[in-house]
>>> print(open('my_file.pdb').read())   # PDB, C-alpha atoms and all ligand atoms
MODEL        1
ATOM      1  CA  MET I 228     133.556  99.856  84.947  1.00  0.00           C
ATOM      2  CA  PRO I 229     132.928 103.507  84.093  1.00  0.00           C
ATOM      3  CA  VAL I 230     133.448 106.104  86.807  1.00  0.00           C
ATOM      4  CA  SER I 231     131.185 104.950  89.654  1.00  0.00           C
ATOM      5  CA  PRO I 232     128.417 107.059  91.211  1.00  0.00           C
ATOM      6  CA  TYR I 233     130.552 106.998  94.368  1.00  0.00           C
ATOM      7  CA  LEU I 234     133.495 108.592  92.562  1.00  0.00           C
ATOM      8  CA  LYS I 235     131.281 111.066  90.734  1.00  0.00           C
ATOM      9  CA  ALA I 236     129.841 112.223  94.057  1.00  0.00           C
ATOM     10  CA  PHE I 237     133.342 112.515  95.500  1.00  0.00           C
ATOM     11  CA  ASN I 238     134.591 114.565  92.539  1.00  0.00           C
ATOM     12  CA  LYS I 239     131.702 116.986  92.964  1.00  0.00           C
ATOM     13  CA  LYS I 240     132.328 117.346  96.693  1.00  0.00           C
ATOM     14  CA  VAL I 241     136.075 117.780  96.348  1.00  0.00           C
ATOM     15  CA  VAL I 242     135.862 120.540  93.738  1.00  0.00           C
ATOM     16  CA  LYS I 243     133.828 122.515  96.246  1.00  0.00           C
ATOM     17  CA  ASN I 244     135.952 121.816  99.323  1.00  0.00           C
ATOM     18  CA  LYS I 245     139.572 121.144  98.314  1.00  0.00           C
ATOM     19  CA  THR I 246     140.789 124.718  98.825  1.00  0.00           C
ATOM     20  CA  ILE I 247     139.056 124.969 102.201  1.00  0.00           C
ATOM     21  CA  PHE I 248     140.678 121.725 103.345  1.00  0.00           C
ATOM     22  CA  ARG I 249     144.122 122.685 102.060  1.00  0.00           C
ATOM     23  CA  ARG I 250     143.916 125.954 104.003  1.00  0.00           C
ATOM     24  CA  TYR I 251     142.826 124.011 107.052  1.00  0.00           C
ATOM     25  CA  LEU I 252     145.842 121.696 106.739  1.00  0.00           C
ATOM     26  CA  THR I 253     148.197 124.679 106.500  1.00  0.00           C
ATOM     27  CA  LYS I 254     146.735 126.128 109.719  1.00  0.00           C
ATOM     28  CA  LEU I 255     146.837 122.744 111.408  1.00  0.00           C
ATOM     29  CA  GLY I 256     150.555 122.436 110.619  1.00  0.00           C
ATOM     30  CA  LYS I 257     151.240 125.711 112.420  1.00  0.00           C
ATOM     31  CA  ARG I 258     149.602 124.389 115.598  1.00  0.00           C
ATOM     32  CA  ASN I 259     152.262 121.655 116.023  1.00  0.00           C
ATOM     33  CA  LEU I 260     149.854 119.283 117.757  1.00  0.00           C
ATOM     34  CA  THR I 261     151.819 116.687 119.685  1.00  0.00           C
ATOM     35  CA  THR I 262     149.014 114.107 119.497  1.00  0.00           C
ATOM     36  CA  LEU I 263     148.565 114.285 115.730  1.00  0.00           C
ATOM     37  CA  HIS I 264     150.489 111.092 114.976  1.00  0.00           C
ATOM     38  CA  THR I 265     148.516 108.979 117.449  1.00  0.00           C
ATOM     39  CA  ASP I 266     145.220 110.663 116.546  1.00  0.00           C
ATOM     40  CA  ILE I 267     145.730 109.792 112.885  1.00  0.00           C
ATOM     41  CA  ALA I 268     146.593 106.187 113.734  1.00  0.00           C
ATOM     42  CA  ALA I 269     143.346 105.937 115.728  1.00  0.00           C
ATOM     43  CA  LEU I 270     141.250 107.530 112.968  1.00  0.00           C
ATOM     44  CA  GLU I 271     142.572 105.479 110.058  1.00  0.00           C
ATOM     45  CA  PRO I 272     140.556 102.275 110.749  1.00  0.00           C
ATOM     46  CA  LYS I 273     137.381 104.386 110.842  1.00  0.00           C
ATOM     47  CA  VAL I 274     138.242 105.764 107.404  1.00  0.00           C
ATOM     48  CA  TRP I 275     138.509 102.254 105.960  1.00  0.00           C
ATOM     49  CA  GLN I 276     135.130 101.320 107.417  1.00  0.00           C
ATOM     50  CA  GLU I 277     133.609 104.030 105.209  1.00  0.00           C
ATOM     51  CA  VAL I 278     135.734 104.133 102.078  1.00  0.00           C
ATOM     52  CA  LYS I 279     135.668 101.298  99.548  1.00  0.00           C
ATOM     53  CA  CYS I 280     138.599 101.323  97.129  1.00  0.00           C
ATOM     54  CA  LEU I 281     136.850  98.970  94.687  1.00  0.00           C
ATOM     55  CA  GLU I 282     134.120 101.564  94.185  1.00  0.00           C
ATOM     56  CA  CYS I 283     136.769 104.174  93.526  1.00  0.00           C
ATOM     57  CA  SER I 284     140.117 103.210  91.904  1.00  0.00           C
ATOM     58  CA  ASN I 285     140.741 106.907  91.337  1.00  0.00           C
ATOM     59  CA  CYS I 286     144.434 106.658  92.249  1.00  0.00           C
ATOM     60  CA  CYS I 287     144.895 104.042  89.504  1.00  0.00           C
ATOM     61  CA  ARG I 288     142.919 106.176  87.065  1.00  0.00           C
ATOM     62  CA  VAL I 289     144.387 109.641  87.496  1.00  0.00           C
ATOM     63  CA  MET I 290     147.727 109.256  89.308  1.00  0.00           C
ATOM     64  CA  THR I 291     150.814 107.178  88.657  1.00  0.00           C
ATOM     65  CA  PRO I 292     152.748 105.062  91.114  1.00  0.00           C
ATOM     66  CA  THR I 293     156.514 105.289  91.211  1.00  0.00           C
ATOM     67  CA  PHE I 294     158.286 102.040  90.325  1.00  0.00           C
ATOM     68  CA  THR I 295     161.437 101.096  92.218  1.00  0.00           C
ATOM     69  CA  LYS I 296     164.129  98.939  90.600  1.00  0.00           C
ATOM     70  CA  ASP I 297     162.829  95.955  92.570  1.00  0.00           C
ATOM     71  CA  ASP I 298     159.260  96.635  91.406  1.00  0.00           C
ATOM     72  CA  ILE I 299     160.435  96.761  87.792  1.00  0.00           C
ATOM     73  CA  LYS I 300     162.430  93.526  88.085  1.00  0.00           C
ATOM     74  CA  ARG I 301     159.554  91.693  89.771  1.00  0.00           C
ATOM     75  CA  ILE I 302     156.782  92.833  87.441  1.00  0.00           C
ATOM     76  CA  ALA I 303     158.914  92.421  84.303  1.00  0.00           C
ATOM     77  CA  ALA I 304     159.727  88.838  85.324  1.00  0.00           C
ATOM     78  CA  HIS I 305     156.008  88.156  85.802  1.00  0.00           C
ATOM     79  CA  PHE I 306     155.459  89.087  82.152  1.00  0.00           C
ATOM     80  CA  GLY I 307     158.577  87.238  80.954  1.00  0.00           C
ATOM     81  CA  GLN I 308     160.274  90.526  80.072  1.00  0.00           C
ATOM     82  CA  THR I 309     163.628  92.042  80.897  1.00  0.00           C
ATOM     83  CA  PRO I 310     163.484  95.214  82.989  1.00  0.00           C
ATOM     84  CA  LEU I 311     164.481  97.194  79.873  1.00  0.00           C
ATOM     85  CA  GLU I 312     161.682  95.683  77.797  1.00  0.00           C
ATOM     86  CA  PHE I 313     159.235  96.465  80.585  1.00  0.00           C
ATOM     87  CA  THR I 314     160.287 100.084  81.020  1.00  0.00           C
ATOM     88  CA  ASP I 315     160.331 100.623  77.242  1.00  0.00           C
ATOM     89  CA  GLN I 316     156.797  99.361  76.980  1.00  0.00           C
ATOM     90  CA  TRP I 317     155.144 100.942  79.992  1.00  0.00           C
ATOM     91  CA  LEU I 318     157.234 103.527  81.830  1.00  0.00           C
ATOM     92  CA  LYS I 319     158.932 106.865  81.414  1.00  0.00           C
ATOM     93  CA  TYR I 320     161.676 108.372  83.549  1.00  0.00           C
ATOM     94  CA  ASP I 321     160.832 111.519  85.455  1.00  0.00           C
ATOM     95  CA  ALA I 322     164.246 113.181  85.607  1.00  0.00           C
ATOM     96  CA  LYS I 323     163.052 115.924  87.956  1.00  0.00           C
ATOM     97  CA  ASP I 324     162.100 113.511  90.753  1.00  0.00           C
ATOM     98  CA  GLY I 325     164.327 110.631  89.654  1.00  0.00           C
ATOM     99  CA  ASP I 326     161.378 108.232  89.412  1.00  0.00           C
ATOM    100  CA  TRP I 327     160.062 105.679  86.939  1.00  0.00           C
ATOM    101  CA  VAL I 328     156.372 106.389  86.349  1.00  0.00           C
ATOM    102  CA  ASN I 329     153.585 105.189  84.061  1.00  0.00           C
ATOM    103  CA  LYS I 330     153.374 106.519  80.524  1.00  0.00           C
ATOM    104  CA  VAL I 331     149.590 106.212  80.438  1.00  0.00           C
ATOM    105  CA  GLN I 332     146.596 106.813  82.644  1.00  0.00           C
ATOM    106  CA  PRO I 333     144.562 104.987  83.758  1.00  0.00           C
ATOM    107  CA  CYS I 334     147.283 102.575  84.785  1.00  0.00           C
ATOM    108  CA  GLN I 335     147.734  99.803  82.210  1.00  0.00           C
ATOM    109  CA  PHE I 336     147.286  97.223  84.965  1.00  0.00           C
ATOM    110  CA  LEU I 337     143.883  98.455  86.126  1.00  0.00           C
ATOM    111  CA  ASN I 338     141.039  96.249  84.964  1.00  0.00           C
ATOM    112  CA  LEU I 339     138.456  98.871  84.078  1.00  0.00           C
ATOM    113  CA  LYS I 340     135.648  96.299  84.139  1.00  0.00           C
ATOM    114  CA  ASP I 341     135.894  95.562  87.850  1.00  0.00           C
ATOM    115  CA  ASN I 342     138.273  98.247  89.223  1.00  0.00           C
ATOM    116  CA  LYS I 343     140.752  95.551  90.285  1.00  0.00           C
ATOM    117  CA  CYS I 344     144.506  95.624  89.846  1.00  0.00           C
ATOM    118  CA  SER I 345     145.524  92.841  87.451  1.00  0.00           C
ATOM    119  CA  ILE I 346     148.937  92.513  89.157  1.00  0.00           C
ATOM    120  CA  TYR I 347     147.684  92.984  92.713  1.00  0.00           C
ATOM    121  CA  ASP I 348     150.017  90.473  94.383  1.00  0.00           C
ATOM    122  CA  ILE I 349     153.116  91.939  92.752  1.00  0.00           C
ATOM    123  CA  ARG I 350     152.034  95.586  92.416  1.00  0.00           C
ATOM    124  CA  PRO I 351     154.574  98.364  93.050  1.00  0.00           C
ATOM    125  CA  SER I 352     155.335  99.019  96.700  1.00  0.00           C
ATOM    126  CA  ASP I 353     154.067 102.568  96.233  1.00  0.00           C
ATOM    127  CA  CYS I 354     150.632 101.119  95.365  1.00  0.00           C
ATOM    128  CA  SER I 355     150.682  98.764  98.367  1.00  0.00           C
ATOM    129  CA  GLY I 356     151.172 101.676 100.743  1.00  0.00           C
ATOM    130  CA  PHE I 357     148.933 104.233  99.045  1.00  0.00           C
ATOM    131  CA  PRO I 358     147.410 106.528 100.255  1.00  0.00           C
ATOM    132  CA  HIS I 359     150.050 106.388 102.996  1.00  0.00           C
ATOM    133  CA  LEU I 360     147.666 107.746 105.609  1.00  0.00           C
ATOM    134  CA  THR I 361     149.783 106.773 108.578  1.00  0.00           C
ATOM    135  CA  SER I 362     153.338 106.156 107.444  1.00  0.00           C
ATOM    136  CA  PRO I 363     154.813 109.679 107.399  1.00  0.00           C
ATOM    137  CA  ARG I 364     155.614 111.500 110.593  1.00  0.00           C
ATOM    138  CA  GLY I 365     155.239 115.111 111.691  1.00  0.00           C
ATOM    139  CA  SER I 366     154.360 117.735 109.119  1.00  0.00           C
ATOM    140  CA  ASP I 367     154.992 115.302 106.237  1.00  0.00           C
ATOM    141  CA  TYR I 368     151.473 114.064 106.801  1.00  0.00           C
ATOM    142  CA  LEU I 369     149.987 117.388 106.003  1.00  0.00           C
ATOM    143  CA  THR I 370     151.899 117.923 102.762  1.00  0.00           C
ATOM    144  CA  LEU I 371     150.916 114.459 101.611  1.00  0.00           C
ATOM    145  CA  TYR I 372     147.265 115.024 102.449  1.00  0.00           C
ATOM    146  CA  LYS I 373     147.303 118.367 100.637  1.00  0.00           C
ATOM    147  CA  ASN I 374     148.627 116.630  97.532  1.00  0.00           C
ATOM    148  CA  ASN I 375     146.246 113.674  97.650  1.00  0.00           C
ATOM    149  CA  ILE I 376     143.016 115.132  98.992  1.00  0.00           C
ATOM    150  CA  GLU I 377     141.828 116.090  95.528  1.00  0.00           C
ATOM    151  CA  PHE I 378     142.106 112.511  94.247  1.00  0.00           C
ATOM    152  CA  CYS I 379     141.643 110.159  97.172  1.00  0.00           C
ATOM    153  CA  PRO I 380     138.368 109.787  99.108  1.00  0.00           C
ATOM    154  CA  ALA I 381     140.218 108.045 101.943  1.00  0.00           C
ATOM    155  CA  THR I 382     142.533 111.037 102.400  1.00  0.00           C
ATOM    156  CA  TYR I 383     139.540 113.354 102.231  1.00  0.00           C
ATOM    157  CA  ALA I 384     137.664 111.330 104.855  1.00  0.00           C
ATOM    158  CA  LEU I 385     140.668 111.317 107.161  1.00  0.00           C
ATOM    159  CA  VAL I 386     141.115 115.088 106.945  1.00  0.00           C
ATOM    160  CA  GLU I 387     137.404 115.529 107.684  1.00  0.00           C
ATOM    161  CA  LYS I 388     137.818 113.393 110.798  1.00  0.00           C
ATOM    162  CA  ILE I 389     140.909 115.304 111.930  1.00  0.00           C
ATOM    163  CA  GLN I 390     138.945 118.518 111.565  1.00  0.00           C
ATOM    164  CA  GLN I 391     136.042 117.111 113.575  1.00  0.00           C
ATOM    165  CA  LEU I 392     138.494 116.128 116.318  1.00  0.00           C
ATOM    166  CA  HIS I 393     140.647 119.241 116.446  1.00  0.00           C
ATOM    167  CA  GLY I 394     138.491 121.958 114.880  1.00  0.00           C
TER
HETATM  168  S1  LIG I 401     149.748  98.735  89.486  1.00  0.00           S
HETATM  169 FE1  LIG I 401     147.717  98.157  90.159  1.00  0.00          FE
HETATM  170  S2  LIG I 401     147.397  99.211  92.120  1.00  0.00           S
HETATM  171 FE2  LIG I 401     149.134 100.200  91.075  1.00  0.00          FE
HETATM  172  S3  LIG I 401     148.240 101.926  89.917  1.00  0.00           S
HETATM  173 FE3  LIG I 401     148.314 100.153  88.544  1.00  0.00          FE
HETATM  174  S4  LIG I 401     146.302  99.172  88.745  1.00  0.00           S
HETATM  175 FE4  LIG I 401     146.562 100.536  90.505  1.00  0.00          FE
HETATM  176  S1  LIG I 402     143.433 104.636  97.860  1.00  0.00           S
HETATM  177 FE1  LIG I 402     142.117 106.442  97.697  1.00  0.00          FE
HETATM  178  S2  LIG I 402     142.039 107.001  95.510  1.00  0.00           S
HETATM  179 FE2  LIG I 402     142.858 104.907  95.681  1.00  0.00          FE
HETATM  180  S3  LIG I 402     141.085 103.582  95.398  1.00  0.00           S
HETATM  181 FE3  LIG I 402     141.349 103.870  97.608  1.00  0.00          FE
HETATM  182  S4  LIG I 402     140.061 105.622  98.153  1.00  0.00           S
HETATM  183 FE4  LIG I 402     140.311 105.625  95.916  1.00  0.00          FE
ENDMDL
END
>>> encode(input="my_file.pdb", output="structure tokens", more="lines below")
Ligand code: SF4
Ligand code: SF4
Amino acid sequence: MPVSPYLKAFNKKVVKNKTIFRRYLTKLGKRNLTTLHTDIAALEPKVWQEVKCLECSNCCRVMTPTFTKDDIKRIAAHFGQTPLEFTDQWLKYDAKDGDWVNKVQPCQFLNLKDNKCSIYDIRPSDCSGFPHLTSPRGSDYLTLYKNNIEFCPATYALVEKIQQLHG
């Protein structure tokens, strides 16, 4: 599937608004809102009513997950490979962050015809949790959203909703 109209529309919108939203998140962090954690938990289900990952797949196209040792063992075994064979074929080591990451983008496991992950049931734990809208606590949320807002419509939608709630 080529880039969907949904993703094209998002990319256009985000180019225009990403700086505005990042500035907003910086200001929001300085307010130290005590309800932020519970507000975000309440807003997340509304985000997923609007955002459809199968019309997007942008994270799999333009970002890379990190692969833990367990991820590598599990996925390598699925393909009948040793962990070393798997990393040699697909991954590179990011020495700065100490992470195994994909060599190529889009991810080699993304089926570009239907936007589905071809290893969905055994995908890396980073993929299972992405975009991690509710797992971090405190100001970690805001750094994560600043990093992901440019790529992830769900993150963008959540920040929009936070802004509508808190101004
Ligand atoms: S492993 Fe699957 S979910 Fe993770 S980036 Fe690749 S295609 Fe996407
Ligand atoms: S998690 Fe975000 S970037 Fe990934 S497919 Fe869903 S909406 Fe798109």
>>> closest_atom_pairs(input="my_file.pdb", of="chain I", to="ligand LIG 402 (chain I)", cutoff="8 Å", atoms="all atoms listed in the file", output="tab-separated table")
residue	atom	partner	partner_atom	distance
I:Val278	CA	I:LIG402	S4	6.0
I:Lys279	CA	I:LIG402	S4	6.3
I:Cys280	CA	I:LIG402	FE3	3.8
I:Leu281	CA	I:LIG402	S3	6.3
I:Glu282	CA	I:LIG402	S3	7.4
I:Cys283	CA	I:LIG402	FE4	4.5
I:Ser284	CA	I:LIG402	S3	3.6
I:Asn285	CA	I:LIG402	S2	4.4
I:Cys286	CA	I:LIG402	S2	4.1
I:Cys287	CA	I:LIG402	FE2	6.6
I:Phe357	CA	I:LIG402	S1	5.6
I:Pro358	CA	I:LIG402	S1	5.0
I:Phe378	CA	I:LIG402	S2	5.7
I:Cys379	CA	I:LIG402	S2	3.6
I:Pro380	CA	I:LIG402	S4	4.6
I:Ala381	CA	I:LIG402	S4	4.5
I:Thr382	CA	I:LIG402	FE1	6.6
>>> resolve_selection(input="my_file.pdb", expression="the PyMOL selection byres (((not hetatm)) within 12 of (chain I and resi 401))", output="VMD selection string")
chain I and resid 280 to 281 283 to 294 298 to 299 302 317 to 318 328 to 358
>>> atom_distance(input="my_file.pdb", atom1="CA of Pro272 in chain I", atom2="CA of Leu260 in chain I")
20.6 Å
>>> closest_atom_pairs(input="my_file.pdb", of="range 256-375 of chain I", to="range 246-250 of chain I", cutoff="12 Å", atoms="only C-alpha atoms", output="tab-separated table")
residue	atom	partner	partner_atom	distance
I:Gly256	CA	I:Arg250	CA	10.0
I:Lys257	CA	I:Arg250	CA	11.2
I:Leu369	CA	I:Arg249	CA	8.8
I:Thr370	CA	I:Arg249	CA	9.1
I:Leu371	CA	I:Arg249	CA	10.7
I:Tyr372	CA	I:Arg249	CA	8.3
I:Lys373	CA	I:Arg249	CA	5.5
I:Asn374	CA	I:Arg249	CA	8.8
I:Asn375	CA	I:Arg249	CA	10.3
>>> residues_near_point(input="my_file.pdb", point="(139.0, 105.8, 109.0)", cutoff="10 Å", atoms="only C-alpha atoms", output="MDAnalysis selection string")
chainID I and resid 267:278 360 381:382 384:388
>>> closest_residue(input="my_file.pdb", among="I:Ser362, I:Thr295, I:Thr262, I:Thr309", to="Ile389 in chain I", atoms="all atoms listed in the file")
I:Thr262
>>> closest_residue(input="my_file.pdb", among="I:Gln390, I:Thr314, I:Thr261, I:Thr253", to="Asp326 in chain I", atoms="only C-alpha atoms")
I:Thr314
>>> atom_distance(input="my_file.pdb", atom1="CA of Asp324 in chain I", atom2="CA of Thr361 in chain I")
22.7 Å
>>> atom_distance(input="my_file.pdb", atom1="CA of Asp266 in chain I", atom2="CA of Ala236 in chain I")
27.3 Å
>>> resolve_selection(input="my_file.pdb", expression="the PyMOL selection byres (((chain I and resi 237-241) around 8) and not hetatm)", output="JSON, numbers by chain")
{"I": [233, 234, 235, 236, 242, 243, 244, 245, 376, 377, 378, 380]}
>>> axis_aligned_box(input="my_file.pdb", around="range 293-300 of chain I", padding_each_side="8 Å", output="JSON")
{"center_x": 160.3, "center_y": 99.4, "center_z": 90.2, "size_x": 23.6, "size_y": 27.8, "size_z": 20.8}
>>> closest_residue(input="my_file.pdb", among="I:Pro232, I:Phe313, I:Tyr368, I:His393", to="Lys300 in chain I", atoms="all atoms listed in the file")
I:Phe313
